[in-house]
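As stored in upload02.txt (compact mmCIF, C-alpha atoms):
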# COMPACT_ATOMS: atom_id res chain seq x y z
CA MET J 207 -62.81 -9.49 6.58
CA GLY J 208 -64.58 -8.77 3.28
CA SER J 209 -67.37 -10.75 1.69
CA THR J 210 -66.37 -13.73 -0.40
CA ARG J 211 -66.25 -12.75 -4.08
CA VAL J 212 -67.59 -15.44 -6.38
CA ALA J 213 -67.57 -15.62 -10.17
CA VAL J 214 -70.41 -17.68 -11.65
CA ILE J 215 -69.80 -18.64 -15.26
CA GLY J 216 -73.05 -18.99 -17.17
CA ALA J 217 -76.55 -17.59 -16.68
CA GLY J 218 -78.54 -20.67 -17.62
CA ALA J 219 -80.60 -22.51 -15.02
CA ALA J 220 -77.47 -23.71 -13.19
CA GLY J 221 -75.86 -20.28 -13.05
CA LEU J 222 -79.04 -18.53 -11.99
CA ALA J 223 -79.67 -21.03 -9.19
CA SER J 224 -76.06 -20.67 -8.07
CA ALA J 225 -76.20 -16.89 -8.01
CA LYS J 226 -79.49 -16.91 -6.08
CA ALA J 227 -78.14 -19.26 -3.41
CA LEU J 228 -74.88 -17.32 -3.08
CA LEU J 229 -76.67 -13.98 -2.79
CA GLU J 230 -78.92 -15.38 -0.09
CA GLU J 231 -75.78 -16.25 1.88
CA GLY J 232 -74.63 -12.64 1.59
CA LEU J 233 -71.80 -13.30 -0.86
CA ASP J 234 -70.54 -10.92 -3.56
CA VAL J 235 -71.59 -12.48 -6.87
CA THR J 236 -70.69 -11.69 -10.48
CA VAL J 237 -72.27 -13.76 -13.26
CA LEU J 238 -70.52 -13.90 -16.63
CA GLU J 239 -72.87 -14.71 -19.51
CA ARG J 240 -71.82 -14.62 -23.14
CA GLY J 241 -75.40 -14.25 -24.40
CA ASP J 242 -77.68 -11.23 -24.12
CA ARG J 243 -80.31 -12.65 -21.74
CA PRO J 244 -80.64 -15.17 -18.90
CA GLY J 245 -81.91 -18.68 -19.45
CA GLY J 246 -79.13 -20.49 -21.31
CA LEU J 247 -80.35 -23.02 -23.85
CA TRP J 248 -83.98 -22.12 -23.01
CA ALA J 249 -83.50 -18.52 -24.16
CA PRO J 250 -82.02 -18.44 -27.67
CA ASP J 251 -80.19 -15.24 -28.51
CA GLY J 252 -78.38 -13.85 -31.50
CA ASP J 253 -75.16 -15.82 -31.08
CA GLY J 254 -76.71 -19.08 -32.32
CA THR J 255 -75.18 -21.19 -29.57
CA SER J 256 -78.46 -22.37 -28.04
CA PRO J 257 -79.77 -25.66 -29.48
CA ALA J 258 -83.42 -24.72 -28.78
CA TYR J 259 -85.81 -25.21 -31.71
CA ASP J 260 -89.31 -23.88 -32.29
CA SER J 261 -91.17 -27.02 -31.18
CA LEU J 262 -89.05 -27.67 -28.07
CA HIS J 263 -91.00 -28.40 -24.88
CA LEU J 264 -90.07 -29.84 -21.52
CA ASN J 265 -89.72 -33.61 -21.53
CA THR J 266 -90.21 -33.74 -17.76
CA SER J 267 -93.41 -32.46 -16.22
CA LYS J 268 -93.50 -29.01 -14.65
CA GLY J 269 -94.16 -30.48 -11.19
CA ARG J 270 -90.94 -32.47 -11.42
CA THR J 271 -88.98 -29.71 -13.15
CA GLU J 272 -89.72 -26.46 -11.36
CA PHE J 273 -87.45 -24.91 -8.76
CA ALA J 274 -88.73 -25.69 -5.26
CA ASP J 275 -88.22 -22.02 -4.37
CA PHE J 276 -90.09 -20.74 -7.44
CA PRO J 277 -93.00 -22.93 -8.60
CA MET J 278 -94.22 -22.71 -12.17
CA PRO J 279 -97.71 -21.19 -12.60
CA GLU J 280 -100.57 -23.62 -11.91
CA GLN J 281 -102.34 -22.66 -15.14
CA TRP J 282 -99.42 -23.75 -17.29
CA PRO J 283 -99.60 -27.02 -19.21
CA ASP J 284 -97.80 -30.01 -17.74
CA PHE J 285 -95.09 -29.78 -20.40
CA PRO J 286 -94.41 -26.09 -21.11
CA SER J 287 -92.77 -24.77 -24.27
CA ALA J 288 -89.20 -23.53 -24.42
CA ALA J 289 -90.51 -19.98 -24.66
CA LEU J 290 -92.43 -20.37 -21.39
CA VAL J 291 -89.43 -21.94 -19.66
CA GLY J 292 -87.15 -19.18 -20.92
CA GLY J 293 -89.52 -16.56 -19.53
CA TYR J 294 -89.77 -18.46 -16.25
CA LEU J 295 -85.99 -18.41 -15.84
CA ALA J 296 -85.86 -14.69 -16.61
CA GLU J 297 -88.56 -14.05 -13.98
CA TYR J 298 -86.62 -16.20 -11.50
CA ALA J 299 -83.52 -14.08 -12.08
CA ASP J 300 -85.50 -10.88 -11.53
CA ALA J 301 -87.35 -12.16 -8.46
CA PHE J 302 -84.18 -13.01 -6.56
CA GLY J 303 -82.00 -10.09 -7.59
CA VAL J 304 -79.78 -12.09 -9.92
CA THR J 305 -80.36 -10.13 -13.15
CA GLY J 306 -78.47 -7.11 -11.86
CA ARG J 307 -75.45 -9.29 -11.14
CA ILE J 308 -75.17 -10.59 -14.71
CA ARG J 309 -72.65 -9.18 -17.16
CA PHE J 310 -74.20 -9.99 -20.50
CA GLY J 311 -71.97 -10.37 -23.51
CA SER J 312 -69.07 -11.49 -21.28
CA GLU J 313 -67.41 -14.76 -22.20
CA ALA J 314 -64.94 -16.41 -19.83
CA GLY J 315 -61.63 -16.80 -21.63
CA ALA J 316 -59.38 -18.25 -18.92
CA VAL J 317 -59.70 -19.20 -15.26
CA ARG J 318 -56.40 -19.60 -13.40
CA ARG J 319 -55.37 -20.11 -9.78
CA ARG J 320 -53.05 -17.42 -8.44
CA ASP J 321 -51.98 -18.07 -4.85
CA ALA J 322 -55.13 -17.66 -2.72
CA GLU J 323 -57.29 -16.21 -5.52
CA TRP J 324 -58.75 -17.04 -8.87
CA GLU J 325 -57.98 -14.89 -11.90
CA VAL J 326 -60.85 -14.82 -14.37
CA THR J 327 -60.25 -13.30 -17.78
CA ALA J 328 -63.37 -12.36 -19.73
CA ARG J 329 -63.95 -10.99 -23.22
CA ARG J 330 -66.66 -8.40 -23.73
CA GLY J 331 -66.74 -7.22 -27.30
CA ALA J 332 -63.28 -5.91 -28.14
CA ASP J 333 -62.36 -5.54 -24.46
CA THR J 334 -60.64 -8.09 -22.24
CA THR J 335 -60.64 -7.79 -18.46
CA THR J 336 -59.04 -9.84 -15.70
CA GLU J 337 -60.47 -9.81 -12.19
CA THR J 338 -59.79 -11.82 -9.05
CA TYR J 339 -62.26 -13.86 -7.02
CA ASP J 340 -62.20 -16.06 -3.95
CA ALA J 341 -64.13 -18.82 -5.69
CA VAL J 342 -65.44 -19.82 -9.10
CA VAL J 343 -68.67 -21.69 -9.87
CA VAL J 344 -68.66 -23.30 -13.32
CA ALA J 345 -72.20 -23.41 -14.71
CA ASN J 346 -71.62 -23.17 -18.46
CA GLY J 347 -73.74 -26.18 -19.47
CA HIS J 348 -72.79 -29.02 -21.77
CA ASN J 349 -75.10 -28.80 -24.78
CA ARG J 350 -73.06 -26.33 -26.79
CA GLU J 351 -70.48 -28.23 -28.83
CA PRO J 352 -72.08 -30.68 -31.29
CA LYS J 353 -70.78 -34.23 -31.39
CA TRP J 354 -70.55 -35.59 -34.93
CA PRO J 355 -70.09 -39.29 -35.76
CA ALA J 356 -66.49 -40.28 -35.06
CA PRO J 357 -65.01 -41.78 -37.04
CA ALA J 358 -67.06 -40.37 -39.90
CA TYR J 359 -69.02 -42.87 -41.96
CA PRO J 360 -67.27 -44.06 -45.14
CA GLY J 361 -68.07 -42.41 -48.43
CA ALA J 362 -69.34 -38.99 -49.44
CA PHE J 363 -72.81 -37.49 -49.37
CA ASP J 364 -74.05 -35.09 -52.05
CA GLY J 365 -76.96 -33.65 -50.09
CA ALA J 366 -77.18 -31.30 -47.09
CA GLN J 367 -76.04 -32.28 -43.60
CA LEU J 368 -76.62 -30.55 -40.28
CA HIS J 369 -76.35 -31.32 -36.60
CA ALA J 370 -79.47 -31.17 -34.45
CA HIS J 371 -77.83 -28.21 -32.68
CA ASP J 372 -78.47 -26.08 -35.77
CA TYR J 373 -82.10 -27.09 -36.34
CA ARG J 374 -84.75 -24.44 -35.67
CA SER J 375 -87.90 -25.07 -37.72
CA PRO J 376 -89.13 -27.64 -40.28
CA GLU J 377 -89.46 -25.31 -43.28
CA MET J 378 -85.98 -26.35 -44.41
CA PHE J 379 -87.28 -29.91 -44.95
CA ALA J 380 -90.23 -28.99 -47.19
CA GLY J 381 -90.43 -31.31 -50.18
CA ARG J 382 -87.16 -33.05 -49.32
CA ARG J 383 -86.26 -36.62 -48.40
CA VAL J 384 -85.04 -36.55 -44.81
CA LEU J 385 -82.98 -38.92 -42.69
CA VAL J 386 -82.59 -38.32 -38.94
CA VAL J 387 -79.82 -40.25 -37.20
CA GLY J 388 -80.25 -40.74 -33.44
CA MET J 389 -82.73 -41.94 -30.85
CA GLY J 390 -82.73 -39.12 -28.29
CA ASN J 391 -85.41 -36.55 -27.59
CA SER J 392 -84.13 -34.11 -30.20
CA ALA J 393 -84.01 -36.84 -32.86
CA MET J 394 -87.63 -37.74 -32.22
CA ASP J 395 -88.83 -34.13 -32.16
CA ILE J 396 -87.04 -33.32 -35.41
CA ALA J 397 -88.27 -36.46 -37.15
CA VAL J 398 -91.85 -35.64 -36.16
CA ASP J 399 -91.52 -32.00 -37.27
CA ALA J 400 -90.02 -32.99 -40.61
CA SER J 401 -92.67 -35.65 -41.26
CA TYR J 402 -95.33 -32.97 -41.77
CA VAL J 403 -93.50 -31.24 -44.63
CA SER J 404 -91.06 -33.78 -46.11
CA SER J 405 -91.30 -35.60 -49.41
CA GLY J 406 -92.34 -39.06 -48.27
CA PRO J 407 -91.80 -40.56 -44.83
CA VAL J 408 -88.91 -39.40 -42.68
CA LEU J 409 -86.35 -42.13 -42.04
CA LEU J 410 -85.17 -42.55 -38.46
CA SER J 411 -81.87 -44.42 -38.14
CA ALA J 412 -80.22 -45.76 -35.01
CA ARG J 413 -77.46 -48.22 -34.20
CA ARG J 414 -78.92 -49.01 -30.79
CA GLY J 415 -82.42 -48.90 -29.39
CA THR J 416 -83.87 -47.00 -26.48
CA HIS J 417 -87.05 -47.08 -24.44
CA ILE J 418 -89.76 -44.68 -25.64
CA VAL J 419 -91.78 -43.24 -22.77
CA PRO J 420 -94.93 -41.25 -23.60
CA LYS J 421 -95.41 -38.01 -21.72
CA TYR J 422 -98.67 -39.30 -20.25
CA LEU J 423 -99.46 -42.72 -18.79
CA PHE J 424 -102.96 -43.48 -17.53
CA GLY J 425 -103.96 -39.83 -17.70
CA ARG J 426 -101.06 -38.44 -15.68
CA PRO J 427 -97.54 -37.23 -16.54
CA ALA J 428 -95.40 -40.34 -16.89
CA ASP J 429 -92.82 -39.09 -14.40
CA ALA J 430 -95.40 -38.32 -11.69
CA THR J 431 -94.77 -41.58 -9.85
CA GLY J 432 -91.00 -41.20 -9.83
CA GLY J 433 -90.77 -39.81 -6.32
CA ALA J 434 -92.95 -42.55 -4.83
CA LEU J 435 -90.83 -45.28 -6.42
CA ALA J 436 -87.52 -43.67 -5.43
CA VAL J 437 -87.42 -45.55 -2.13
CA LEU J 438 -87.05 -48.82 -4.04
CA PRO J 439 -83.73 -50.16 -5.37
CA TRP J 440 -83.27 -49.08 -8.95
CA ARG J 441 -83.45 -52.63 -10.33
CA ILE J 442 -86.90 -53.10 -8.77
CA ARG J 443 -87.98 -49.67 -10.05
CA GLN J 444 -86.74 -50.74 -13.44
CA LYS J 445 -88.84 -53.90 -13.53
CA VAL J 446 -91.96 -52.13 -12.30
CA ALA J 447 -91.59 -49.29 -14.80
CA GLU J 448 -90.80 -51.62 -17.71
CA THR J 449 -93.90 -53.68 -16.99
CA VAL J 450 -96.12 -50.60 -16.83
CA LEU J 451 -94.60 -49.21 -20.03
CA ARG J 452 -95.01 -52.48 -21.90
CA LEU J 453 -98.66 -52.75 -20.88
CA ALA J 454 -99.36 -49.13 -21.82
CA VAL J 455 -97.62 -48.74 -25.19
CA GLY J 456 -95.87 -52.01 -26.06
CA THR J 457 -92.20 -52.43 -26.87
CA PRO J 458 -90.04 -50.31 -29.19
CA GLN J 459 -89.75 -53.35 -31.47
CA SER J 460 -93.51 -53.29 -32.04
CA TYR J 461 -93.02 -49.90 -33.74
CA GLY J 462 -90.14 -51.14 -35.89
CA LEU J 463 -87.47 -49.62 -33.66
CA PRO J 464 -84.38 -51.50 -32.44
CA ARG J 465 -84.58 -53.45 -29.20
CA PRO J 466 -83.11 -51.38 -26.35
CA ALA J 467 -79.64 -52.58 -25.42
CA ASP J 468 -80.25 -51.98 -21.71
CA GLY J 469 -83.14 -51.95 -19.31
CA LEU J 470 -85.13 -48.85 -18.45
CA PHE J 471 -83.24 -46.47 -16.12
CA ARG J 472 -79.89 -47.75 -17.39
CA ASN J 473 -79.82 -44.96 -19.95
CA HIS J 474 -82.01 -41.90 -20.20
CA PRO J 475 -85.22 -42.90 -22.01
CA THR J 476 -86.60 -40.89 -24.88
CA VAL J 477 -89.79 -39.09 -23.88
CA SER J 478 -92.25 -38.54 -26.73
CA ASP J 479 -95.93 -39.07 -27.46
CA THR J 480 -95.82 -37.95 -31.06
CA ILE J 481 -93.09 -40.25 -32.41
CA LEU J 482 -95.19 -43.35 -31.73
CA HIS J 483 -98.14 -41.75 -33.50
CA ARG J 484 -96.08 -40.87 -36.59
CA LEU J 485 -94.47 -44.33 -36.67
CA THR J 486 -97.82 -46.11 -36.58
CA HIS J 487 -99.08 -43.90 -39.41
CA GLY J 488 -96.02 -44.57 -41.56
CA GLU J 489 -95.00 -40.91 -41.64
CA VAL J 490 -91.77 -41.85 -39.87
CA VAL J 491 -90.10 -45.13 -40.75
CA ALA J 492 -87.38 -46.81 -38.69
CA ARG J 493 -84.11 -47.84 -40.29
CA PRO J 494 -81.05 -49.57 -38.82
CA GLY J 495 -77.68 -47.88 -38.44
CA VAL J 496 -75.88 -46.19 -41.30
CA GLU J 497 -73.25 -48.32 -43.07
CA ARG J 498 -71.89 -45.77 -45.55
CA LEU J 499 -72.70 -42.73 -47.66
CA ASP J 500 -72.92 -43.10 -51.42
CA GLY J 501 -73.53 -39.84 -53.25
CA ALA J 502 -77.25 -39.14 -53.09
CA ARG J 503 -77.90 -42.42 -51.28
CA VAL J 504 -77.41 -43.70 -47.76
CA VAL J 505 -76.66 -47.40 -47.30
CA PHE J 506 -77.81 -49.03 -44.04
CA THR J 507 -76.37 -51.93 -42.11
CA ASP J 508 -79.06 -54.32 -43.38
CA GLY J 509 -77.94 -53.69 -46.96
CA THR J 510 -80.88 -51.47 -47.95
CA ALA J 511 -80.28 -48.02 -49.43
CA GLU J 512 -82.39 -44.88 -49.76
CA ASP J 513 -82.18 -41.67 -51.75
CA ILE J 514 -81.80 -38.81 -49.26
CA ASP J 515 -81.67 -35.02 -49.61
CA VAL J 516 -80.93 -34.03 -45.99
CA ILE J 517 -79.26 -35.84 -43.09
CA VAL J 518 -79.79 -34.55 -39.54
CA TRP J 519 -77.20 -35.90 -37.12
CA ALA J 520 -78.86 -35.94 -33.67
CA THR J 521 -75.75 -37.45 -32.13
CA GLY J 522 -75.31 -35.49 -28.92
CA TYR J 523 -72.76 -33.06 -27.53
CA HIS J 524 -69.23 -32.95 -26.20
CA VAL J 525 -68.64 -31.75 -22.66
CA THR J 526 -66.34 -28.76 -22.96
CA ILE J 527 -65.07 -26.27 -20.40
CA PRO J 528 -62.76 -24.19 -22.60
CA PHE J 529 -61.68 -21.68 -19.95
CA LEU J 530 -60.10 -24.36 -17.69
CA ASP J 531 -56.95 -26.24 -18.64
CA SER J 532 -55.99 -29.86 -18.08
CA THR J 533 -54.55 -29.03 -14.65
CA TRP J 534 -58.14 -28.97 -13.46
CA LEU J 535 -60.01 -31.03 -16.05
CA GLY J 536 -57.57 -33.87 -16.57
CA ASP J 537 -57.65 -35.62 -19.93
CA ASP J 538 -61.44 -35.66 -20.21
CA ALA J 539 -63.93 -33.23 -18.66
CA GLU J 540 -66.61 -35.94 -18.70
CA ALA J 541 -64.48 -38.13 -16.42
CA MET J 542 -63.43 -35.40 -13.95
CA PRO J 543 -64.11 -36.64 -10.41
CA LEU J 544 -66.01 -34.23 -8.15
CA TYR J 545 -67.15 -34.65 -4.58
CA GLN J 546 -70.95 -34.83 -4.67
CA ARG J 547 -70.64 -33.92 -8.38
CA VAL J 548 -69.88 -30.39 -7.17
CA PHE J 549 -66.48 -29.80 -5.53
CA HIS J 550 -63.12 -30.19 -7.26
CA LEU J 551 -61.05 -32.65 -5.25
CA ASP J 552 -57.91 -30.49 -5.42
CA ASP J 553 -59.58 -27.20 -4.55
CA PRO J 554 -63.21 -26.90 -3.43
CA THR J 555 -63.28 -23.18 -4.20
CA LEU J 556 -63.63 -24.41 -7.78
CA ALA J 557 -67.17 -25.80 -7.88
CA PHE J 558 -69.38 -27.13 -10.66
CA VAL J 559 -73.15 -26.84 -10.88
CA GLY J 560 -74.96 -28.75 -13.62
CA LEU J 561 -72.04 -30.93 -14.75
CA MET J 562 -74.07 -34.12 -14.53
CA GLN J 563 -76.41 -36.34 -16.50
CA SER J 564 -79.64 -36.87 -14.58
CA THR J 565 -82.28 -39.55 -14.95
CA GLY J 566 -84.83 -36.76 -14.47
CA ALA J 567 -85.11 -33.00 -14.68
CA ALA J 568 -82.15 -30.65 -14.28
CA LEU J 569 -83.58 -27.69 -12.36
CA PRO J 570 -84.13 -29.36 -8.96
CA VAL J 571 -80.66 -30.88 -9.25
CA VAL J 572 -78.87 -27.58 -9.89
CA GLU J 573 -80.97 -25.93 -7.18
CA ALA J 574 -79.75 -28.50 -4.65
CA GLN J 575 -76.15 -28.24 -5.87
CA ALA J 576 -76.25 -24.44 -5.65
CA LYS J 577 -77.37 -24.56 -2.03
CA LEU J 578 -74.49 -26.92 -1.22
CA VAL J 579 -71.92 -24.61 -2.85
CA ALA J 580 -73.36 -21.55 -1.14
CA ALA J 581 -73.32 -23.19 2.30
CA TYR J 582 -69.64 -24.05 1.85
CA LEU J 583 -68.53 -20.65 0.54
CA ALA J 584 -70.49 -18.91 3.30
CA GLY J 585 -68.49 -20.87 5.87
CA ARG J 586 -71.44 -22.79 7.31
CA TYR J 587 -70.70 -26.19 5.76
CA ALA J 588 -67.50 -28.17 6.22
CA LEU J 589 -66.31 -30.77 3.76
CA PRO J 590 -65.18 -34.17 5.01
CA PRO J 591 -61.42 -34.85 5.03
CA PRO J 592 -59.85 -35.32 1.56
CA ALA J 593 -59.46 -39.08 2.03
CA GLU J 594 -63.18 -39.40 2.71
CA GLN J 595 -64.02 -37.29 -0.33
CA HIS J 596 -61.87 -39.48 -2.58
CA ALA J 597 -63.40 -42.64 -1.12
CA ALA J 598 -66.92 -41.29 -1.69
CA VAL J 599 -66.08 -40.47 -5.31
CA ARG J 600 -64.71 -43.98 -5.87
CA ARG J 601 -67.85 -45.56 -4.41
CA ALA J 602 -70.11 -43.37 -6.53
CA HIS J 603 -68.14 -44.21 -9.67
CA ALA J 604 -68.24 -47.95 -9.01
CA ALA J 605 -71.99 -47.83 -8.46
CA ALA J 606 -72.46 -45.79 -11.65
CA VAL J 607 -70.41 -48.22 -13.73
CA GLN J 608 -72.44 -51.12 -12.37
CA ARG J 609 -75.68 -49.38 -13.31
CA TRP J 610 -74.81 -47.39 -16.46
CA GLY J 611 -71.74 -49.11 -17.86
CA ASP J 612 -69.03 -47.11 -19.59
CA ARG J 613 -71.21 -44.34 -21.03
CA ARG J 614 -70.34 -41.23 -18.97
CA PRO J 615 -70.51 -43.05 -15.62
CA THR J 616 -68.76 -40.25 -13.73
CA MET J 617 -71.47 -37.74 -14.69
CA ARG J 618 -74.48 -39.97 -14.03
CA ILE J 619 -76.86 -39.37 -11.15
CA ASP J 620 -80.17 -40.88 -10.11
CA PHE J 621 -82.48 -37.86 -9.96
CA ASP J 622 -84.62 -38.72 -6.95
CA GLN J 623 -81.86 -40.23 -4.86
CA TYR J 624 -79.46 -37.39 -5.58
CA VAL J 625 -81.92 -34.57 -4.88
CA ALA J 626 -82.80 -36.25 -1.57
CA ALA J 627 -79.13 -36.85 -0.67
CA LEU J 628 -77.78 -33.31 -1.03
CA PRO J 629 -79.83 -31.77 1.81
CA ARG J 630 -78.60 -34.62 4.02
CA GLU J 631 -75.04 -33.81 2.95
CA ILE J 632 -75.53 -30.16 3.90
CA ARG J 633 -76.78 -31.20 7.34
CA ALA J 634 -73.78 -33.50 7.76
CA GLY J 635 -71.48 -30.63 6.79
CA LEU J 636 -73.13 -28.34 9.32
CA ARG J 637 -72.46 -30.95 12.01
CA ARG J 638 -68.84 -31.24 10.90
CA ALA J 639 -68.51 -27.48 11.13
CA ALA J 640 -70.02 -27.49 14.61
CA ARG J 641 -67.40 -30.04 15.66
CA GLY J 642 -64.68 -27.68 14.48
CA ALA J 643 -63.87 -29.05 11.01
CA ALA J 644 -62.29 -26.54 8.62
CA VAL J 645 -64.71 -24.35 6.69
CA HIS J 646 -64.13 -21.87 3.89
CA THR J 647 -63.50 -18.23 4.72
CA PRO J 648 -62.63 -15.40 2.32
CA THR J 649 -59.03 -15.38 3.56
CA SER J 650 -58.49 -19.14 3.60
CA LYS J 651 -56.00 -20.43 1.09
CA ALA J 652 -57.29 -23.52 -0.66
CA PRO J 653 -54.74 -26.02 -1.99
CA THR J 654 -53.22 -25.37 -5.39
CA SER J 655 -52.24 -27.89 -8.00

Written as structure tokens, how would this file's structure read?
Amino acid sequence: MGSTRVAVIGAGAAGLASAKALLEEGLDVTVLERGDRPGGLWAPDGDGTSPAYDSLHLNTSKGRTEFADFPMPEQWPDFPSAALVGGYLAEYADAFGVTGRIRFGSEAGAVRRRDAEWEVTARRGADTTTETYDAVVVANGHNREPKWPAPAYPGAFDGAQLHAHDYRSPEMFAGRRVLVVGMGNSAMDIAVDASYVSSGPVLLSARRGTHIVPKYLFGRPADATGGALAVLPWRIRQKVAETVLRLAVGTPQSYGLPRPADGLFRNHPTVSDTILHRLTHGEVVARPGVERLDGARVVFTDGTAEDIDVIVWATGYHVTIPFLDSTWLGDDAEAMPLYQRVFHLDDPTLAFVGLMQSTGAALPVVEAQAKLVAAYLAGRYALPPPAEQHAAVRRAHAAAVQRWGDRRPTMRIDFDQYVAALPREIRAGLRRAARGAAVHTPTSKAPTS
């Protein structure tokens, strides 16, 4: 019986962690990466698909972000730059023998089930190849396809418009009147960058508010207490954290920003020290949502209007998995149910690593997911019966809707609880396997749709 052959699609943090875990289980791994280096969005290459910009840094502290199996250097700052993180991921790939398994410049074109195998078609330059694998791990990320306002705002705009995905450095804003639309981390970073070179204050527009968490609270990284509070129910954590935040920096409204629609931990907070500084100095000025575009002017929902030269739409990204069809994705990739946010319910040899929205850092999450996938494909871990998997997915979805509402509930995870739960799930799967439950083997035929 030969070794299980696994295709990993993507060489960002999720793909690298997956390949490492699979190799450690003795599996035959091929990583398909359309760029020319490992690291995903942290390692911009010539194809322009990474949204990384010059001032990008971690928004979660290194101690809460690093891989458990590969700590970041002690001498690094608490919030390293994108360049440092990109180098860290490249070193991780080298250290665990992953780099030699990566086919750079190879973009997955189609992934199809054929009897007991997966056919993966990849484009590499002018060449197209199709190879078969026993399993596929999807780790292509979900910050690639920009989401523009839909429907588009009424009217026409005479100036320049770009999505945050295409922003790299602030020189393009020199001497220009700038409007940034959005309240996420990228919106805040871009508004701050632009405020040092723009003509007049940068306007920051948002339809809904969010909590602004500084990177440091009381001399320590703001996320440093997350693990200690994780034992508490999230509503209690929310009240404690909101009280601390209010005492430390005040409310968003005190800076002219909209009142957050939900409590802290209901939606991912924006993490920034510098935006509060620039708001208090008048270099960034808050505005309500956009009502319409009117030539060289933008009209806001409060009836005010401003002359603008450049609009930056920091409005997020679509989740796209272009190499899988609706047989696997359903009508919406964001709503695809997965057992433990990893295994496809129809065929667990199709696994997903990184297809989630975490309340904390991503790297420990994908590291834990990768170990779960590897244990299953190595034949050590047994899944529960399908009925139990479906029931677990329904419970997780109901809990997510109760906490996060209708904004991507299927993808949402609580960082600390999830990272603690996956090792327990692996141990439960090992016990199931010991009791004789079915496990994956290279010759087993998983169900087809």

Interatomic distance, CA of Thr210 (chain J) to CA of Val525 (chain J) (Å, one decimal):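 Those two atoms sit 28.7 Å apart.
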
With all atoms listed in the file as the basis for distance, which of J:Arg441, J:Leu453, J:Val505, J:Arg637 is at the shortest distance from Arg609 (chain J)? J:Arg441

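Of the listed residues J:Thr416, J:Thr305, J:Ser532, J:Ser312, the one whose atoms come nearest to Lys226 (chain J) is J:Thr305, with distances taken using only C-alpha atoms.
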
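Counting from CA of Asp508 (chain J), the distance to CA of Val491 (chain J) is 14.6 Å.
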
Mind checking which residues fall within 9 Å of region 254-270 of chain J, counting only C-alpha atoms, ignoring those fewer than 2 positions away in the same chain, and posting them as a CSV table (one decimal) with C-alpha atoms, keeping the file's coordinate frame?
chain,number,residue,atom,x,y,z
J,241,GLY,CA,-75.4,-14.2,-24.4
J,246,GLY,CA,-79.1,-20.5,-21.3
J,247,LEU,CA,-80.4,-23.0,-23.8
J,248,TRP,CA,-84.0,-22.1,-23.0
J,249,ALA,CA,-83.5,-18.5,-24.2
J,250,PRO,CA,-82.0,-18.4,-27.7
J,251,ASP,CA,-80.2,-15.2,-28.5
J,252,GLY,CA,-78.4,-13.8,-31.5
J,272,GLU,CA,-89.7,-26.5,-11.4
J,273,PHE,CA,-87.4,-24.9,-8.8
J,277,PRO,CA,-93.0,-22.9,-8.6
J,278,MET,CA,-94.2,-22.7,-12.2
J,282,TRP,CA,-99.4,-23.8,-17.3
J,283,PRO,CA,-99.6,-27.0,-19.2
J,284,ASP,CA,-97.8,-30.0,-17.7
J,285,PHE,CA,-95.1,-29.8,-20.4
J,286,PRO,CA,-94.4,-26.1,-21.1
J,287,SER,CA,-92.8,-24.8,-24.3
J,288,ALA,CA,-89.2,-23.5,-24.4
J,289,ALA,CA,-90.5,-20.0,-24.7
J,290,LEU,CA,-92.4,-20.4,-21.4
J,291,VAL,CA,-89.4,-21.9,-19.7
J,349,ASN,CA,-75.1,-28.8,-24.8
J,350,ARG,CA,-73.1,-26.3,-26.8
J,351,GLU,CA,-70.5,-28.2,-28.8
J,370,ALA,CA,-79.5,-31.2,-34.4
J,371,HIS,CA,-77.8,-28.2,-32.7
J,372,ASP,CA,-78.5,-26.1,-35.8
J,373,TYR,CA,-82.1,-27.1,-36.3
J,374,ARG,CA,-84.8,-24.4,-35.7
J,375,SER,CA,-87.9,-25.1,-37.7
J,376,PRO,CA,-89.1,-27.6,-40.3
J,391,ASN,CA,-85.4,-36.6,-27.6
J,392,SER,CA,-84.1,-34.1,-30.2
J,395,ASP,CA,-88.8,-34.1,-32.2
J,396,ILE,CA,-87.0,-33.3,-35.4
J,399,ASP,CA,-91.5,-32.0,-37.3
J,421,LYS,CA,-95.4,-38.0,-21.7
J,427,PRO,CA,-97.5,-37.2,-16.5
J,428,ALA,CA,-95.4,-40.3,-16.9
J,429,ASP,CA,-92.8,-39.1,-14.4
J,430,ALA,CA,-95.4,-38.3,-11.7
J,432,GLY,CA,-91.0,-41.2,-9.8
J,433,GLY,CA,-90.8,-39.8,-6.3
J,476,THR,CA,-86.6,-40.9,-24.9
J,477,VAL,CA,-89.8,-39.1,-23.9
J,478,SER,CA,-92.2,-38.5,-26.7
J,566,GLY,CA,-84.8,-36.8,-14.5
J,567,ALA,CA,-85.1,-33.0,-14.7
J,569,LEU,CA,-83.6,-27.7,-12.4
J,570,PRO,CA,-84.1,-29.4,-9.0

Pairwise distance for CA of Met389 (chain J) and CA of Glu540 (chain J), rounded to one decimal in Å: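 CA of Glu540 (chain J) lies 21.1 Å from CA of Met389 (chain J).
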
For region 444-522 of chain J against region 404-408 of chain J, with a cut-off of 9 Å and counting all atoms listed in the file, what is the closest atom pair and its distance in Å to one decimal for every residue that makes the cut, ordered by chain and number, as CSV?
residue,atom,partner,partner_atom,distance
J:Gly488,CA,J:Pro407,CA,6.7
J:Glu489,CA,J:Pro407,CA,4.5
J:Val490,CA,J:Val408,CA,4.7
J:Val491,CA,J:Val408,CA,6.2
J:Ala492,CA,J:Val408,CA,8.6
